[in-house]
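Asks: Structure file protein21.cif (mmCIF, C-alpha atoms and all ligand atoms) right here:
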data_work
loop_
_atom_site.label_atom_id
_atom_site.label_comp_id
_atom_site.auth_asym_id
_atom_site.auth_seq_id
_atom_site.Cartn_x
_atom_site.Cartn_y
_atom_site.Cartn_z
CA MET K 1 16.15 -20.75 -10.12
CA ARG K 2 12.51 -20.91 -11.06
CA ILE K 3 10.70 -18.60 -8.66
CA VAL K 4 6.94 -18.23 -8.35
CA ILE K 5 5.63 -14.92 -7.04
CA SER K 6 2.05 -14.87 -5.78
CA GLY K 7 0.57 -11.37 -6.24
CA ALA K 8 1.10 -8.71 -8.90
CA GLY K 9 0.71 -5.64 -6.68
CA VAL K 10 3.64 -3.34 -5.97
CA ALA K 11 6.08 -5.60 -4.09
CA GLY K 12 5.64 -8.60 -6.47
CA PRO K 13 6.61 -6.80 -9.71
CA ALA K 14 9.47 -4.98 -7.88
CA LEU K 15 10.80 -8.35 -6.74
CA ALA K 16 10.49 -9.72 -10.28
CA TYR K 17 12.58 -6.79 -11.51
CA TRP K 18 15.45 -7.53 -9.13
CA LEU K 19 15.27 -11.32 -9.51
CA LEU K 20 15.49 -10.97 -13.29
CA LYS K 21 18.86 -9.27 -12.74
CA GLY K 22 20.00 -12.59 -11.23
CA ASN K 23 18.76 -14.44 -14.34
CA HIS K 24 16.03 -16.28 -12.46
CA GLU K 25 12.93 -17.50 -14.23
CA ILE K 26 9.85 -15.77 -12.84
CA ILE K 27 6.24 -16.94 -12.84
CA MET K 28 3.76 -14.47 -11.38
CA VAL K 29 0.33 -15.67 -10.27
CA GLU K 30 -2.33 -13.00 -9.71
CA LYS K 31 -5.84 -13.67 -8.46
CA ALA K 32 -7.49 -10.76 -10.28
CA PRO K 33 -8.46 -11.23 -13.96
CA LYS K 34 -6.21 -8.32 -14.96
CA PHE K 35 -3.57 -6.09 -13.43
CA ARG K 36 -5.17 -4.06 -10.62
CA ASN K 37 -4.31 -0.39 -10.87
CA GLY K 38 -6.67 1.06 -8.29
CA GLY K 39 -5.95 2.89 -5.06
CA TYR K 40 -5.56 6.34 -3.65
CA ILE K 41 -2.89 8.99 -4.09
CA ILE K 42 0.27 8.06 -2.19
CA ASP K 43 3.29 10.06 -1.17
CA PHE K 44 6.49 8.48 -2.44
CA TRP K 45 9.90 9.16 -0.94
CA GLY K 46 12.71 7.50 1.01
CA LEU K 47 13.99 4.00 0.32
CA GLY K 48 11.31 3.20 -2.27
CA TYR K 49 12.24 6.37 -4.17
CA ASP K 50 15.98 5.50 -4.02
CA ILE K 51 15.35 1.95 -5.28
CA CYS K 52 13.10 3.11 -8.14
CA GLU K 53 15.92 5.44 -9.13
CA LYS K 54 18.27 2.42 -9.27
CA MET K 55 15.62 0.70 -11.43
CA GLY K 56 15.69 3.62 -13.89
CA LEU K 57 12.00 4.32 -13.24
CA ILE K 58 12.15 7.51 -11.22
CA ASP K 59 11.81 9.95 -14.15
CA GLU K 60 8.62 8.23 -15.26
CA ILE K 61 7.32 8.20 -11.68
CA ILE K 62 8.00 11.91 -11.27
CA LYS K 63 6.34 12.58 -14.64
CA SER K 64 3.20 10.75 -13.49
CA GLY K 65 3.37 12.46 -10.12
CA TYR K 66 1.80 15.60 -8.73
CA LYS K 67 3.46 18.57 -7.09
CA VAL K 68 1.04 18.69 -4.18
CA LYS K 69 1.23 22.13 -2.56
CA ASN K 70 -1.06 22.07 0.44
CA VAL K 71 -3.21 19.80 2.57
CA ILE K 72 -6.48 21.50 3.55
CA PHE K 73 -8.70 20.21 6.34
CA ARG K 74 -12.39 21.16 6.22
CA ASN K 75 -15.47 20.50 8.31
CA ILE K 76 -18.52 18.72 6.91
CA LYS K 77 -19.93 21.99 5.64
CA GLY K 78 -16.87 22.33 3.44
CA ASN K 79 -15.35 25.21 5.45
CA LYS K 80 -11.58 25.22 5.93
CA THR K 81 -10.46 24.59 9.52
CA SER K 82 -6.69 24.17 9.02
CA GLU K 83 -4.03 23.90 6.33
CA PHE K 84 -0.37 23.01 5.93
CA SER K 85 2.16 23.25 3.15
CA ILE K 86 4.02 20.21 1.78
CA LYS K 87 7.14 22.39 1.51
CA SER K 88 8.73 21.04 4.68
CA MET K 89 8.30 17.46 3.43
CA HIS K 90 10.29 18.42 0.33
CA GLU K 91 12.93 20.00 2.55
CA LEU K 92 13.16 16.97 4.85
CA THR K 93 13.57 14.63 1.87
CA LYS K 94 15.89 16.98 -0.03
CA ASN K 95 13.23 17.26 -2.74
CA ARG K 96 13.20 13.50 -3.31
CA PHE K 97 9.44 13.34 -2.79
CA THR K 98 6.47 13.04 -5.10
CA SER K 99 2.78 12.10 -4.90
CA LEU K 100 1.02 9.83 -7.37
CA PRO K 101 -1.86 7.35 -7.54
CA ARG K 102 -0.87 3.94 -6.13
CA GLY K 103 -2.11 2.34 -9.37
CA GLU K 104 0.21 4.41 -11.57
CA LEU K 105 3.24 3.49 -9.48
CA ALA K 106 2.24 -0.18 -9.57
CA GLN K 107 1.69 0.00 -13.34
CA ILE K 108 5.08 1.61 -14.03
CA ILE K 109 6.89 -1.13 -12.07
CA TYR K 110 4.80 -3.91 -13.61
CA ASP K 111 5.33 -2.58 -17.16
CA SER K 112 9.10 -2.82 -16.59
CA VAL K 113 8.89 -6.62 -16.13
CA LYS K 114 5.68 -7.91 -17.71
CA ASP K 115 7.26 -8.98 -21.01
CA LYS K 116 10.12 -10.83 -19.31
CA ILE K 117 8.09 -13.05 -16.98
CA THR K 118 5.28 -15.61 -17.23
CA ASN K 119 2.06 -13.90 -16.17
CA ILE K 120 -0.84 -15.99 -14.89
CA PHE K 121 -3.97 -13.95 -14.12
CA ASP K 122 -7.31 -15.02 -12.70
CA ASP K 123 -5.73 -17.88 -10.79
CA ASN K 124 -4.75 -18.75 -7.28
CA ILE K 125 -2.40 -21.20 -5.57
CA GLU K 126 -4.55 -23.85 -3.90
CA GLN K 127 -1.98 -26.40 -2.80
CA ILE K 128 1.65 -26.08 -1.75
CA ILE K 129 3.79 -29.18 -1.22
CA GLU K 130 7.49 -28.90 -0.48
CA ASP K 131 10.18 -31.57 -0.57
CA GLU K 132 13.97 -31.58 -0.43
CA ASN K 133 14.39 -30.59 -4.07
CA LYS K 134 11.43 -28.45 -5.03
CA ILE K 135 8.15 -26.84 -4.17
CA SER K 136 5.09 -28.12 -6.06
CA LEU K 137 2.09 -25.86 -6.56
CA THR K 138 -1.39 -26.65 -7.76
CA LEU K 139 -3.44 -23.71 -8.97
CA LYS K 140 -7.21 -23.31 -8.89
CA SER K 141 -7.28 -23.75 -12.68
CA GLY K 142 -5.68 -27.19 -12.20
CA LYS K 143 -2.31 -26.00 -13.53
CA LYS K 144 0.68 -27.56 -11.74
CA ILE K 145 4.02 -25.78 -11.30
CA ASP K 146 7.27 -27.13 -9.84
CA ALA K 147 9.60 -24.39 -8.65
CA ASP K 148 12.63 -23.75 -6.47
CA LEU K 149 11.07 -20.97 -4.40
CA LEU K 150 7.68 -19.45 -3.71
CA ILE K 151 7.36 -15.83 -2.63
CA GLY K 152 4.11 -14.52 -1.16
CA ALA K 153 3.61 -10.92 -2.33
CA ASP K 154 -0.14 -11.23 -2.22
CA GLY K 155 -0.97 -8.39 0.12
CA VAL K 156 -2.34 -7.99 3.61
CA HIS K 157 -4.65 -11.04 3.32
CA SER K 158 -1.89 -13.16 1.76
CA ASN K 159 -2.99 -16.58 0.57
CA VAL K 160 0.57 -17.94 0.76
CA ARG K 161 0.91 -16.74 4.37
CA ASN K 162 -2.41 -18.32 5.32
CA GLN K 163 -1.42 -21.66 3.81
CA VAL K 164 2.19 -21.85 4.99
CA PHE K 165 2.28 -19.88 8.24
CA GLY K 166 -1.22 -20.38 9.65
CA SER K 167 -4.29 -18.47 10.61
CA PRO K 168 -4.36 -14.66 9.99
CA GLU K 169 -5.55 -13.96 13.57
CA ASN K 170 -2.05 -14.84 14.73
CA PHE K 171 -0.48 -12.03 12.71
CA GLU K 172 -3.07 -9.30 12.20
CA ARG K 173 -3.25 -6.21 14.37
CA ASP K 174 -6.57 -4.52 13.55
CA LEU K 175 -6.17 -0.76 14.08
CA GLY K 176 -9.92 -0.24 14.30
CA TYR K 177 -10.45 1.73 11.07
CA ILE K 178 -11.84 1.02 7.61
CA VAL K 179 -10.40 2.45 4.38
CA ALA K 180 -12.30 2.70 1.10
CA ALA K 181 -10.76 4.22 -2.02
CA VAL K 182 -12.45 4.82 -5.36
CA GLU K 183 -11.64 6.75 -8.53
CA THR K 184 -14.54 8.61 -10.14
CA ASP K 185 -15.08 11.22 -12.84
CA GLN K 186 -14.32 14.73 -11.62
CA PHE K 187 -17.50 16.18 -10.21
CA LEU K 188 -16.34 18.55 -7.51
CA ASN K 189 -14.74 21.89 -8.09
CA LEU K 190 -11.39 21.03 -6.48
CA ASP K 191 -8.22 23.06 -6.87
CA GLU K 192 -5.28 21.32 -8.51
CA ASN K 193 -2.48 19.91 -6.37
CA ILE K 194 -4.41 20.35 -3.15
CA TYR K 195 -5.17 17.37 -0.97
CA TYR K 196 -8.53 17.91 0.79
CA SER K 197 -9.46 16.13 3.99
CA ASP K 198 -13.04 16.72 5.14
CA ASN K 199 -13.90 15.29 8.49
CA GLU K 200 -15.95 15.06 11.55
CA GLU K 201 -15.70 12.75 14.56
CA ASN K 202 -14.59 9.21 13.57
CA LYS K 203 -14.81 9.73 9.80
CA SER K 204 -13.02 11.56 7.02
CA ILE K 205 -13.14 11.92 3.23
CA GLY K 206 -9.96 12.65 1.27
CA LEU K 207 -10.38 14.22 -2.17
CA PHE K 208 -7.84 14.78 -4.93
CA LYS K 209 -8.19 16.08 -8.49
CA LEU K 210 -6.30 14.03 -11.11
CA LYS K 211 -4.89 15.25 -14.44
CA ASN K 212 -7.09 12.98 -16.55
CA GLY K 213 -10.52 14.35 -15.67
CA LYS K 214 -10.82 11.89 -12.79
CA GLN K 215 -10.83 12.38 -9.06
CA LEU K 216 -9.74 10.13 -6.20
CA ASN K 217 -11.96 9.72 -3.17
CA LEU K 218 -10.75 8.16 0.07
CA PHE K 219 -13.05 7.31 2.96
CA ILE K 220 -11.64 6.48 6.39
CA PHE K 221 -13.80 5.72 9.41
CA THR K 222 -13.83 3.75 12.63
CA SER K 223 -14.82 0.08 12.15
CA ASP K 224 -17.58 0.23 14.79
CA LEU K 225 -19.63 2.38 12.38
CA LEU K 226 -20.16 -0.76 10.27
CA GLN K 227 -21.98 -2.26 13.27
CA GLY K 228 -20.42 -5.69 12.88
CA TYR K 229 -21.22 -6.00 9.17
CA PHE K 230 -18.46 -6.29 6.53
CA PRO K 231 -19.45 -5.66 2.88
CA ILE K 232 -18.14 -8.00 0.19
CA ASN K 233 -19.45 -6.93 -3.22
CA GLN K 234 -19.49 -3.53 -4.91
CA ASN K 235 -23.10 -2.63 -4.01
CA GLU K 236 -22.62 -3.64 -0.39
CA LYS K 237 -19.43 -1.55 -0.18
CA LEU K 238 -21.19 1.46 -1.67
CA ASP K 239 -24.14 1.06 0.71
CA ALA K 240 -21.77 0.82 3.67
CA ILE K 241 -20.02 4.07 2.69
CA LYS K 242 -23.39 5.78 2.10
CA ASN K 243 -24.66 4.75 5.53
CA VAL K 244 -21.59 6.01 7.33
CA PHE K 245 -21.32 9.29 5.42
CA SER K 246 -25.02 10.08 5.01
CA ASN K 247 -24.74 13.09 7.33
CA ILE K 248 -22.00 14.80 5.33
CA ASN K 249 -24.09 17.65 4.01
CA TRP K 250 -21.92 19.29 1.34
CA GLU K 251 -21.32 17.90 -2.16
CA GLY K 252 -20.62 14.46 -0.66
CA GLU K 253 -24.04 13.20 -1.72
CA LYS K 254 -22.87 13.47 -5.33
CA ILE K 255 -20.12 10.92 -4.73
CA PHE K 256 -22.72 8.26 -4.16
CA SER K 257 -24.63 8.95 -7.34
CA ILE K 258 -21.49 8.93 -9.46
CA ILE K 259 -19.91 5.61 -8.34
CA THR K 260 -20.99 2.79 -10.65
CA GLU K 261 -20.21 -0.93 -11.06
CA GLU K 262 -17.19 0.15 -13.16
CA ASN K 263 -15.44 1.98 -10.31
CA GLU K 264 -13.63 -0.69 -8.27
CA ILE K 265 -13.96 0.23 -4.61
CA TYR K 266 -10.90 -0.79 -2.59
CA PHE K 267 -12.41 -1.54 0.84
CA ASP K 268 -10.54 -3.02 3.78
CA ASN K 269 -9.82 -2.97 7.48
CA ILE K 270 -6.74 -0.93 8.36
CA THR K 271 -4.48 -3.65 9.66
CA GLN K 272 -0.84 -4.21 10.42
CA ILE K 273 0.86 -7.57 9.95
CA GLU K 274 3.40 -8.74 12.51
CA MET K 275 5.17 -12.03 11.77
CA PRO K 276 7.63 -13.72 14.13
CA LYS K 277 9.30 -15.43 11.12
CA TRP K 278 9.33 -14.10 7.55
CA HIS K 279 10.20 -17.39 5.85
CA LYS K 280 9.76 -21.13 6.11
CA GLY K 281 11.55 -23.70 3.94
CA ARG K 282 11.36 -22.60 0.30
CA VAL K 283 8.77 -19.91 1.02
CA ALA K 284 9.27 -16.26 1.99
CA LEU K 285 6.91 -13.31 2.25
CA ILE K 286 7.34 -9.67 1.20
CA GLY K 287 5.31 -6.45 1.19
CA ASP K 288 2.02 -6.19 3.05
CA ALA K 289 1.91 -9.99 3.35
CA VAL K 290 4.72 -9.93 5.91
CA GLY K 291 4.97 -6.45 7.39
CA CYS K 292 2.00 -4.32 6.42
CA VAL K 293 2.50 -0.93 8.07
CA SER K 294 -0.97 0.27 6.91
CA LEU K 295 -1.90 3.48 5.14
CA LEU K 296 -1.34 5.36 8.40
CA ALA K 297 2.41 5.04 7.74
CA GLY K 298 2.03 6.51 4.25
CA GLU K 299 4.94 4.39 3.08
CA GLY K 300 3.57 0.87 2.41
CA THR K 301 4.55 0.88 -1.24
CA GLY K 302 8.11 2.10 -0.58
CA LEU K 303 8.65 -0.51 2.11
CA GLY K 304 7.30 -3.30 -0.13
CA ILE K 305 9.79 -2.22 -2.81
CA THR K 306 12.58 -2.19 -0.19
CA GLU K 307 11.75 -5.74 0.92
CA ALA K 308 11.81 -6.85 -2.72
CA TYR K 309 15.22 -5.28 -3.28
CA ILE K 310 16.76 -6.77 -0.11
CA LEU K 311 15.34 -10.25 -0.69
CA ALA K 312 16.66 -10.42 -4.26
CA GLY K 313 19.99 -8.90 -3.16
CA GLU K 314 20.48 -11.41 -0.35
CA LEU K 315 19.77 -14.29 -2.74
CA LYS K 316 22.45 -12.94 -5.03
CA LYS K 317 24.88 -12.44 -2.13
CA ALA K 318 24.26 -15.95 -0.76
CA LYS K 319 24.76 -17.40 -4.25
CA ASN K 320 21.21 -18.79 -4.18
CA ASP K 321 21.60 -20.49 -0.78
CA TYR K 322 17.99 -19.55 -0.11
CA SER K 323 17.94 -20.53 3.61
CA LEU K 324 20.84 -18.18 4.34
CA ALA K 325 19.41 -15.46 2.08
CA PHE K 326 15.94 -15.60 3.67
CA GLU K 327 17.43 -15.40 7.16
CA ASN K 328 19.61 -12.40 6.27
CA TYR K 329 16.67 -10.72 4.53
CA GLU K 330 14.57 -11.05 7.68
CA ASN K 331 17.36 -9.93 10.01
CA HIS K 332 17.99 -6.82 7.93
CA LEU K 333 14.42 -5.61 8.07
CA THR K 334 12.42 -6.76 11.11
CA ASN K 335 13.36 -4.02 13.58
CA PHE K 336 13.10 -1.33 10.95
CA ILE K 337 9.57 -2.41 9.97
CA LYS K 338 8.48 -2.74 13.62
CA ASP K 339 9.60 0.82 14.20
CA LYS K 340 7.64 2.07 11.16
CA GLN K 341 4.54 0.26 12.45
CA LYS K 342 4.87 1.87 15.87
CA THR K 343 5.19 5.36 14.37
CA ALA K 344 2.12 4.73 12.18
CA ARG K 345 0.00 3.70 15.17
CA ALA K 346 0.92 6.88 17.00
CA PHE K 347 -0.29 8.89 13.98
CA ALA K 348 -3.79 7.32 13.80
CA THR K 349 -5.81 9.99 15.59
CA ASN K 350 -4.51 12.66 13.18
CA PHE K 351 -6.19 10.84 10.31
CA VAL K 352 -9.50 10.35 12.06
CA PRO K 353 -9.90 12.30 15.31
CA SER K 354 -12.44 10.62 17.57
CA ASN K 355 -14.05 13.68 19.20
CA LYS K 356 -14.47 17.44 18.82
CA PHE K 357 -11.61 18.10 21.22
CA GLU K 358 -9.22 15.99 19.11
CA ILE K 359 -10.35 17.79 15.94
CA ILE K 360 -9.64 21.20 17.52
CA PHE K 361 -6.28 19.98 18.84
CA ARG K 362 -5.39 18.52 15.42
CA ASP K 363 -6.32 21.79 13.67
CA ILE K 364 -4.18 23.82 16.07
CA ALA K 365 -1.23 21.47 15.48
CA ILE K 366 -1.76 21.62 11.68
CA ASN K 367 -1.93 25.41 11.64
CA MET K 368 1.27 25.55 13.69
CA MET K 369 3.03 23.65 10.93
CA CYS K 370 3.36 26.92 9.00
CA ILE K 371 6.37 27.30 11.32
CA PRO K 372 8.99 25.19 9.48
CA TYR K 373 10.64 24.04 12.72
CA VAL K 374 7.35 22.56 13.99
CA ALA K 375 6.61 20.84 10.66
CA LYS K 376 10.04 19.25 10.62
CA LEU K 377 9.65 18.09 14.20
CA ILE K 378 6.32 16.40 13.41
CA PHE K 379 7.38 14.73 10.16
CA LYS K 380 11.02 13.89 10.87
CA LYS K 381 10.32 10.43 12.28
CA THR K 382 7.96 9.51 9.45
CA LEU K 383 10.00 10.92 6.60
CA THR K 384 13.48 9.83 7.51
CA ASP K 385 14.37 6.17 7.09
CA ASP K 386 16.80 4.96 9.70
CA PHE K 387 18.17 2.33 7.33
CA ILE K 388 21.18 2.17 5.03
CA LEU K 389 20.39 0.48 1.76
CA PRO K 390 22.96 -2.24 1.04
CA GLU K 391 24.58 -2.40 -2.41
CA TYR K 392 24.43 -5.86 -3.96
C1 LIG U 401 -6.36 -2.31 -5.90
C2 LIG U 401 -5.60 -1.88 -4.69
C3 LIG U 401 -5.83 -0.60 -4.18
C4 LIG U 401 -5.15 -0.17 -3.04
N1 LIG U 401 -5.41 1.07 -2.58
C5 LIG U 401 -4.81 1.52 -1.48
C6 LIG U 401 -5.09 2.82 -0.97
O1 LIG U 401 -5.88 3.57 -1.51
N2 LIG U 401 -4.44 3.21 0.14
C7 LIG U 401 -3.52 2.39 0.76
O2 LIG U 401 -2.94 2.78 1.74
N3 LIG U 401 -3.24 1.16 0.29
C8 LIG U 401 -3.85 0.70 -0.80
N4 LIG U 401 -3.58 -0.56 -1.26
C9 LIG U 401 -2.54 -1.34 -0.57
C10 LIG U 401 -1.15 -0.89 -1.01
O3 LIG U 401 -1.06 -1.01 -2.39
C11 LIG U 401 -0.10 -1.74 -0.30
O4 LIG U 401 -0.08 -1.35 1.06
C12 LIG U 401 1.33 -1.57 -0.78
O5 LIG U 401 1.38 -1.24 -2.09
C13 LIG U 401 2.17 -2.86 -0.56
O6 LIG U 401 2.12 -3.60 -1.73
P1 LIG U 401 1.97 -5.16 -1.87
O7 LIG U 401 2.44 -5.46 -3.23
O8 LIG U 401 2.55 -5.86 -0.71
O9 LIG U 401 0.40 -5.40 -1.77
P2 LIG U 401 -0.76 -4.99 -2.79
O10 LIG U 401 -0.41 -3.76 -3.52
O11 LIG U 401 -1.99 -5.02 -1.98
O12 LIG U 401 -0.77 -6.18 -3.86
C14 LIG U 401 -1.14 -7.52 -3.57
C15 LIG U 401 -1.56 -8.20 -4.86
O13 LIG U 401 -1.80 -9.58 -4.57
C16 LIG U 401 -3.00 -9.96 -5.21
N5 LIG U 401 -3.57 -11.11 -4.52
C17 LIG U 401 -4.34 -11.13 -3.41
N6 LIG U 401 -4.65 -12.40 -3.08
C18 LIG U 401 -4.07 -13.20 -4.01
C19 LIG U 401 -4.03 -14.60 -4.21
N7 LIG U 401 -4.70 -15.44 -3.42
N8 LIG U 401 -3.33 -15.08 -5.26
C20 LIG U 401 -2.67 -14.23 -6.10
N9 LIG U 401 -2.69 -12.89 -5.96
C21 LIG U 401 -3.38 -12.39 -4.92
C22 LIG U 401 -3.86 -8.72 -5.16
O14 LIG U 401 -4.89 -8.76 -6.11
C23 LIG U 401 -2.84 -7.64 -5.45
O15 LIG U 401 -2.68 -7.43 -6.82
C24 LIG U 401 -4.23 -1.03 -2.39
C25 LIG U 401 -3.99 -2.30 -2.91
C26 LIG U 401 -4.66 -2.74 -4.03
C27 LIG U 401 -4.42 -4.13 -4.57
#
What does this structure look like when you write it as structure tokens?
Ligand SMILES: Cc1cc2nc3c(=O)[nH]c(=O)nc-3n(C[C@H](O)[C@H](O)[C@H](O)COP(=O)(O)OP(=O)(O)OC[C@H]3O[C@@H](n4cnc5c(N)ncnc54)[C@H](O)[C@@H]3O)c2cc1C
Replies:
Amino acid sequence: MRIVISGAGVAGPALAYWLLKGNHEIIMVEKAPKFRNGGYIIDFWGLGYDICEKMGLIDEIIKSGYKVKNVIFRNIKGNKTSEFSIKSMHELTKNRFTSLPRGELAQIIYDSVKDKITNIFDDNIEQIIEDENKISLTLKSGKKIDADLLIGADGVHSNVRNQVFGSPENFERDLGYIVAAVETDQFLNLDENIYYSDNEENKSIGLFKLKNGKQLNLFIFTSDLLQGYFPINQNEKLDAIKNVFSNINWEGEKIFSIITEENEIYFDNITQIEMPKWHKGRVALIGDAVGCVSLLAGEGTGLGITEAYILAGELKKAKNDYSLAFENYENHLTNFIKDKQKTARAFATNFVPSNKFEIIFRDIAINMMCIPYVAKLIFKKTLTDDFILPEY
């Protein structure tokens, strides 16, 4: 079949990989002018890890990864208030756990398919018309493509979902937080392989030192601090972060002088996507477009990769009867994803406590995690996937 994938993020290239195994022809349409390799450091384990191993990519992923030792929480003066070791996460995942920048993971997957597919960058699907035999797409550039299937892998604000399934308000659950991630030159004296989280009520900054002289900065805060305003361009995003974090009185000020036009700021509401149906006619959705769990789950990339694997596998199993394959794909995953979303919501106040009492309570809980039993109890639900990966 000729299959168009909208979105070259993480789920889109992973789907291309598995569809190529079925000898399908793949056309990937990406809105950005070039492959986007931004984003913060992510933990990578579970189903996504297992599937990347099947794809022969896990050695490269581990090589790019970091052996994070500890997570240190500090107050806005930069003084440590609590700390926990990542050791129990390694134990719970039987050492099948690594941490790496989202962009490096995306790049490794994309590099494994880019020469075997048709890549269209800087373009966007503007019209979708389906009939009995095909789906006809018109792109913003005027290009027309006839295909057998269209898969929306275009992220949490999916264009395909908006056009085929209706208004985003029907599917978005806004969790009330904003995330902004930006890579800068290293300018703070951070220890290697330590994840820092500096916070006060309703806001936090995550900091991580990379191997290449760069550093990742992650800002999370409650949406009300934007006072109803949502920034669109780079300068507006930077101003918004400055306004919210202006009272952080340690080295934080330096962050704002070091971010330039060159440093793409990823800036978004923290949202989950809940869809009653994952497919319609010749169109299906994967990744954040259909079941965004949000960064609070810490597993968005792995779940996007899992959806890609199952969708391609079901198409193979159903011998390209796409209606049957799409239905089986959805049935396999809906409850599992709903469960992950619920767990993520319960975790929200740990990321950004909303008052001094919650910060103290969080710090006590974090410090108690030096007891392995407690750490395992807290992370078991997040780190173990109650899902058996089918073989196709
Ligand atoms: C640059 C970037 C940085 C990110 N940083 C973080 C982070 O720091 N923390 C975090 O938790 N999550 C981050 N995310 C989201 C995270 O990558 C996803 O939760 C997860 O990887 C699921 O992957 P996905 O492929 O479904 O979506 P994504 O990785 O978001 O990929 C979607 C892709 O679709 C493209 N796209 C969007 N609209 C269109 C359109 N109309 N037509 C064609 N293509 C389109 C996007 O440009 C993107 O390349 C980031 C995403 C991006 C794109």
Asks: Write out as an MDAnalysis selection string each polymer residue whose atoms come within 9 Å of stretch 94-107 of chain K, counting all atoms listed in the file; drop sequence neighbours fewer than 3 positions from it.
Replies: chainID K and resid 8:11 13:14 35:46 49:50 61:62 64:68 89:91 110:112 210 216 301
Asks: As an exercise, work out the distance from atom CA of K:Lys143 to atom CA of K:Ile5 in Å and give it to one decimal place.
Replies: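 Separating atom CA of K:Lys143 from atom CA of K:Ile5 is a distance of 15.1 Å.
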Asks: Between K:Ala284, K:Ile27, K:Ile76, K:Leu303, which has the minimum distance to ligand LIG 401 (chain U) (counting all atoms listed in the file)?
Replies: K:Leu303
Asks: Could you give me, as number ranges by chain, the residues within 7 Å of stretch 265-279 of chain K, counting all atoms listed in the file and dropping anything in the same chain fewer than 3 positions from it?
Replies: K: 39, 171-182, 234, 283-285, 290-294, 326, 330
Asks: Return the single residue from K:Ser204, K:Gln163, K:Thr222, K:Asn70 that is closest to ligand LIG 401 (chain U), with distances computed using only C-alpha atoms and all ligand atoms.
Replies: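 The shortest atom-to-atom distance to ligand LIG 401 (chain U) comes from K:Gln163.
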Asks: Using atom CA of K:Pro353 and atom CA of K:Asn202 as the two end points, give the distance in Å to one decimal.
Replies: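 So the answer is 5.9 Å.
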Asks: Using all atoms listed in the file, pick whichever of K:Ile125, K:Met369, K:Ile108, K:Val29 has the shortest atom-to-atom distance to K:Gly56.
Replies: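 For K:Gly56, the nearest of the candidates is K:Ile108.
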Asks: Counting all atoms listed in the file, figure out which residue out of K:Lys280, K:Lys209, K:Lys87, K:Arg161 gets nearest to K:Tyr322.
Replies: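 Looking only at the distances to K:Tyr322, the closest residue turns out to be K:Lys280.
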Asks: Can you work out which one of K:Asn233, K:Ser323, K:Asn243, K:Asn367 has the shortest atom-to-atom distance to K:Glu83, counting all atoms listed in the file?
Replies: K:Asn367
Asks: Would you mind telling me which residue in K:Asn170, K:Asn23, K:Ser6, K:Asn263 lies nearest to K:Lys316 when using only C-alpha atoms?
Replies: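 Once distances to K:Lys316 are computed over only C-alpha atoms, the minimum belongs to K:Asn23.
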Asks: Quote the spacing between atom CA of K:Glu25 and atom C5 of ligand LIG 401 (chain U) in Å to one decimal place.
Replies: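 These atoms are spaced 29.0 Å apart.
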Asks: How would you write as a PyMOL selection string the residues that get within 8 Å of (-16.7, 13.2, -7.9) in the file's frame, counting only C-alpha atoms?
Replies: chain K and resi 184-188+214-217+254-255+258
Asks: Name all residues at most 9 Å from K:Gly12 (count all atoms listed in the file; drop same-chain ones fewer than 3 positions away) and give them as a PyMOL selection string.
Replies: chain K and resi 5-9+15-17+28+110+151-154+286-287+304-305+308
Asks: Go ahead and fit an axis-aligned box to every listed atom of stretch 196-206 of chain K plus 3 Å each side, and pass me the centre and edge lengths in Å, one decimal, as JSON.
Replies:
{"center_x": -12.2, "center_y": 13.6, "center_z": 7.7, "size_x": 13.4, "size_y": 14.7, "size_z": 19.8}
Asks: List the neighbours of K:Ala147 out to 10 Å using all atoms listed in the file; skip same-chain residues closer than 2 positions along the sequence, and give me the result as a ChimeraX atom specification.
Replies: /K:1-4,25-27,130,133-137,144-145,149-150,282
Asks: Contacts of stretch 354-364 of chain K at 7 Å or less, counting all atoms listed in the file, minus same-chain residues fewer than 2 places along, as a list in words?
Replies: Thr81, Ser82, Glu201, Asn202, Thr349, Asn350, Val352, Ile366, Asn367 and Met368 of chain K
Asks: Mind writing the picked residues with C-alpha atoms as a PDB file, in the coordinates of the input?
Replies:
ATOM      1  CA  THR K  81     -10.460  24.590   9.520  1.00  0.00           C
ATOM      2  CA  SER K  82      -6.690  24.170   9.020  1.00  0.00           C
ATOM      3  CA  GLU K 201     -15.700  12.750  14.560  1.00  0.00           C
ATOM      4  CA  ASN K 202     -14.590   9.210  13.570  1.00  0.00           C
ATOM      5  CA  THR K 349      -5.810   9.990  15.590  1.00  0.00           C
ATOM      6  CA  ASN K 350      -4.510  12.660  13.180  1.00  0.00           C
ATOM      7  CA  VAL K 352      -9.500  10.350  12.060  1.00  0.00           C
ATOM      8  CA  ILE K 366      -1.760  21.620  11.680  1.00  0.00           C
ATOM      9  CA  ASN K 367      -1.930  25.410  11.640  1.00  0.00           C
ATOM     10  CA  MET K 368       1.270  25.550  13.690  1.00  0.00           C
TER      11      MET K 368
END
